[in-house]
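A.B. asks: Please read through the structure below; I'll follow up with questions.
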There are 2 protein chains.
Amino acid sequence: MSEPAQEQIDRVLAALADPTRRRMVDLLREGPMRAGDLAAAFEISGPAVSRHLRVLRENALIEEEEAGDDRRLRVYRLRAAPFADLQAWLEEVAAFWTSQLTAFKAHAEGKTRKRKKK
Amino acid sequence: MSEPAQEQIDRVLAALADPTRRRMVDLLREGPMRAGDLAAAFEISGPAVSRHLRVLRENALIEEEEAGDDRRLRVYRLRAAPFADLQAWLEEVAAFWTSQLTAFKAHAEGKTRKRKKK
DNA sequence: CTAATATTTAATCAATACGTTAAATATATC
DNA sequence: GATATATTTAACGTATTGATTAAATATTAG
């Protein structure tokens, strides 16, 4: 059904490759916030922050939300899907070591047997 | 004890940001292989492959191994640590949605109560 | 050990990415 | 609704990245 699609994973990784954007994601973990709130956390200019947000948005890592119970304010919120895709890929990669472990065990047994022969 | 260290995560992400390198990791999941084997899978030149391997190696995603039961051959093998670090970070990020879910539930209950008032 | 092959390093180039300031546009406040 | 503030877009410069070809250095085979 929902094949992660290689391309999607590449996009998430590209978006997270920049340390500033990675830190922005960390900040957004505390909850949705406005562009200005994020900007306050960095020493770069406003436009630079805006551009990073654009990249995160274009790659679907965040979305703009015009929520706000009482007031109408634009906030950015983390989106789950891209992170889930990346997690799924990482689990596939992690499978390498389980199989390696199996191979190692088989190999070790083989060696043991050989030694017995000796 | 083993604090993932932000910097390490940034390095892993930077290394995986390039699609070719991401694909190389995918290939290495099938098992350790030589530079040439990897090169055969791509249309780019040998030196380009070599540079990508260098980046992966410098960021500790792979390591050179001079193993080989019968023959002496240089192969590249995936290293677990960087991927584990990234996984750990992703889990922290994922915690956002669990807490969001909690918040949402609380919010929904609040709304329900309000409606009752109405 | 020498020749053949494979891999890495060097030098160079084009494309991309990130930052800045200035201008435009959208949003918020009185 | 007019003014002040916040945010994005435009234009531009610099630095980094990824690719290529040529040269150097392993590594494998005879």
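The way I read the labels, and the way they are meant: chains A, B, ... in the order of the structure tokens, residue 1 as the first residue of every chain, and ligand 1 as the first ligand shown, with later ones counted on from there.
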Once you count only C-alpha atoms (C1' of nucleotides), which residues of chain D turn out to be within 8 Å of chain A? Could you give them as a list of chain:residue names?
C.D. replies: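 On the chain D side, the interface is D:DA6, D:DT7, D:DT8.
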A.B. asks: At a cut-off of 12 Å, can you tabulate as a Markdown table every residue of chain B near chain A together with its closest atom pair and the distance in Å to one decimal, using only C-alpha atoms and ordering rows by chain then number?
C.D. replies:
```
| residue | atom | partner | partner_atom | distance |
| --- | --- | --- | --- | --- |
| B:Gln6 | CA | A:Pro19 | CA | 9.0 |
| B:Glu7 | CA | A:Pro19 | CA | 8.5 |
| B:Gln8 | CA | A:Pro19 | CA | 10.8 |
| B:Ile9 | CA | A:Pro19 | CA | 9.1 |
| B:Asp10 | CA | A:Pro19 | CA | 6.0 |
| B:Arg11 | CA | A:Ala17 | CA | 8.2 |
| B:Val12 | CA | A:Ala17 | CA | 8.5 |
| B:Leu13 | CA | A:Ala17 | CA | 5.0 |
| B:Ala14 | CA | A:Ala17 | CA | 4.7 |
| B:Ala15 | CA | A:Ala17 | CA | 8.1 |
| B:Leu16 | CA | A:Leu13 | CA | 6.5 |
| B:Ala17 | CA | A:Ala14 | CA | 4.7 |
| B:Asp18 | CA | A:Ala14 | CA | 7.3 |
| B:Pro19 | CA | A:Asp10 | CA | 6.0 |
| B:Thr20 | CA | A:Asp10 | CA | 9.7 |
| B:Arg21 | CA | A:Asp10 | CA | 10.2 |
| B:Arg22 | CA | A:Asp10 | CA | 7.7 |
| B:Arg23 | CA | A:Gln6 | CA | 9.1 |
| B:Met24 | CA | A:Val93 | CA | 11.5 |
| B:Val25 | CA | A:Val93 | CA | 8.0 |
| B:Asp26 | CA | A:Val93 | CA | 7.2 |
| B:Leu27 | CA | A:Val93 | CA | 10.0 |
| B:Leu28 | CA | A:Phe96 | CA | 8.6 |
| B:Arg29 | CA | A:Phe96 | CA | 5.4 |
| B:Glu30 | CA | A:Phe96 | CA | 7.3 |
| B:Gly31 | CA | A:Phe96 | CA | 7.7 |
| B:Pro32 | CA | A:Gln100 | CA | 10.1 |
| B:Leu61 | CA | A:Val93 | CA | 11.6 |
| B:Asp69 | CA | A:His107 | CA | 10.5 |
| B:Arg77 | CA | A:Phe96 | CA | 10.3 |
| B:Leu78 | CA | A:Phe96 | CA | 8.3 |
| B:Arg79 | CA | A:Trp97 | CA | 8.9 |
| B:Ala80 | CA | A:Trp97 | CA | 7.4 |
| B:Ala81 | CA | A:Ala94 | CA | 10.3 |
| B:Pro82 | CA | A:Leu90 | CA | 10.8 |
| B:Phe83 | CA | A:Leu90 | CA | 7.1 |
| B:Ala84 | CA | A:Ala94 | CA | 8.1 |
| B:Asp85 | CA | A:Leu90 | CA | 10.7 |
| B:Leu86 | CA | A:Leu90 | CA | 8.4 |
| B:Gln87 | CA | A:Gln87 | CA | 6.8 |
| B:Ala88 | CA | A:Gln87 | CA | 9.9 |
| B:Trp89 | CA | A:Asp26 | CA | 9.4 |
| B:Leu90 | CA | A:Gln87 | CA | 6.9 |
| B:Glu91 | CA | A:Gln87 | CA | 8.4 |
| B:Glu92 | CA | A:Arg29 | CA | 8.6 |
| B:Val93 | CA | A:Arg29 | CA | 6.3 |
| B:Ala94 | CA | A:Ala80 | CA | 7.5 |
| B:Ala95 | CA | A:Arg29 | CA | 8.1 |
| B:Phe96 | CA | A:Arg29 | CA | 5.4 |
| B:Trp97 | CA | A:Ala80 | CA | 7.4 |
| B:Thr98 | CA | A:Ala80 | CA | 10.6 |
| B:Ser99 | CA | A:Gly31 | CA | 9.4 |
| B:Gln100 | CA | A:Gly31 | CA | 8.2 |
| B:Leu101 | CA | A:Ala80 | CA | 11.9 |
| B:Ala103 | CA | A:Gly31 | CA | 10.4 |
| B:His107 | CA | A:Asp69 | CA | 10.7 |
| B:Lys111 | CA | A:Asp69 | CA | 11.1 |
```
A.B. asks: Hey, list the chain C side of the contact with chain B: 9 Å cut-off, only C-alpha atoms (C1' of nucleotides), answer as a PDB file with N, CA, C and O atoms (P, O5', C5', C4', C3', O3' and C1' of nucleotides), in the first residue's frame.
C.D. replies:
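Contents of iface_16.pdb, freshly written:
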```pdb
ATOM      1  P    DA C   6      39.727  -4.309 -13.196  1.00  0.00           P
ATOM      2  O5'  DA C   6      39.711  -3.799 -11.683  1.00  0.00           O
ATOM      3  C5'  DA C   6      40.595  -4.377 -10.738  1.00  0.00           C
ATOM      4  C4'  DA C   6      40.682  -3.505  -9.496  1.00  0.00           C
ATOM      5  C3'  DA C   6      39.513  -2.554  -9.274  1.00  0.00           C
ATOM      6  O3'  DA C   6      39.228  -2.553  -7.890  1.00  0.00           O
ATOM      7  C1'  DA C   6      41.510  -1.309  -9.431  1.00  0.00           C
ATOM      8  P    DT C   7      37.989  -1.714  -7.284  1.00  0.00           P
ATOM      9  O5'  DT C   7      38.730  -0.428  -6.705  1.00  0.00           O
ATOM     10  C5'  DT C   7      39.741  -0.625  -5.713  1.00  0.00           C
ATOM     11  C4'  DT C   7      40.371   0.705  -5.345  1.00  0.00           C
ATOM     12  C3'  DT C   7      39.376   1.831  -5.050  1.00  0.00           C
ATOM     13  O3'  DT C   7      39.558   2.210  -3.699  1.00  0.00           O
ATOM     14  C1'  DT C   7      41.153   2.569  -6.442  1.00  0.00           C
ATOM     15  P    DT C   8      38.701   3.420  -3.046  1.00  0.00           P
ATOM     16  O5'  DT C   8      39.774   4.596  -3.073  1.00  0.00           O
ATOM     17  C5'  DT C   8      41.056   4.378  -2.476  1.00  0.00           C
ATOM     18  C4'  DT C   8      42.004   5.496  -2.861  1.00  0.00           C
ATOM     19  C3'  DT C   8      41.555   6.892  -2.430  1.00  0.00           C
ATOM     20  O3'  DT C   8      42.568   7.471  -1.635  1.00  0.00           O
ATOM     21  C1'  DT C   8      42.257   6.876  -4.699  1.00  0.00           C
ATOM     22  P    DT C   9      42.312   8.892  -0.935  1.00  0.00           P
ATOM     23  O5'  DT C   9      43.079   9.910  -1.893  1.00  0.00           O
ATOM     24  C5'  DT C   9      44.491   9.777  -2.093  1.00  0.00           C
ATOM     25  C4'  DT C   9      44.976  10.786  -3.127  1.00  0.00           C
ATOM     26  C3'  DT C   9      44.590  12.240  -2.835  1.00  0.00           C
ATOM     27  O3'  DT C   9      45.756  13.032  -2.953  1.00  0.00           O
ATOM     28  C1'  DT C   9      44.023  11.672  -5.039  1.00  0.00           C
TER      29       DT C   9
END
```
A.B. asks: Give the strand (DSSP E) residues of range 9-113 of chain A, as DSSP finds them on the backbone, and put them as a PyMOL selection string.
C.D. replies: chain A and resi 62-65+75-78
A.B. asks: What is the C1' of DT5 in chain C-CA of Tyr76 in chain B distance in Å, reported with one decimal?
C.D. replies: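 Spanning C1' of DT5 in chain C to CA of Tyr76 in chain B is a straight-line distance of 19.0 Å.
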A.B. asks: So how many Å separate CA of Ala48 in chain A and CA of Asn59 in chain B, to one decimal?
C.D. replies: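 CA of Asn59 in chain B lies 27.0 Å from CA of Ala48 in chain A.
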A.B. asks: Skip DT17 in chain D itself and residues of its chain fewer than 5 positions away, then list as a PyMOL selection string all residues within 9 Å of it, counting only C-alpha atoms (C1' of nucleotides).
C.D. replies: chain C and resi 15-17
A.B. asks: Take C1' of DA10 in chain D and C1' of DT20 in chain C and report the distance between them in Å, one decimal.
C.D. replies: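 Separation of C1' of DA10 in chain D and C1' of DT20 in chain C: 12.3 Å.
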A.B. asks: Quick one: of A:Glu58, A:Glu66, A:Asp37, A:Glu43, who's nearest to DG19 in chain C, counting only C-alpha atoms (C1' of nucleotides)?
C.D. replies: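 The shortest atom-to-atom distance to DG19 in chain C comes from A:Glu43.
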A.B. asks: Among range 9-62 of chain A, which residues carry a DSSP assignment of alpha helix (DSSP H), reported as a ChimeraX atom specification?
C.D. replies: /A:9-16,19-28,35-40,46-58
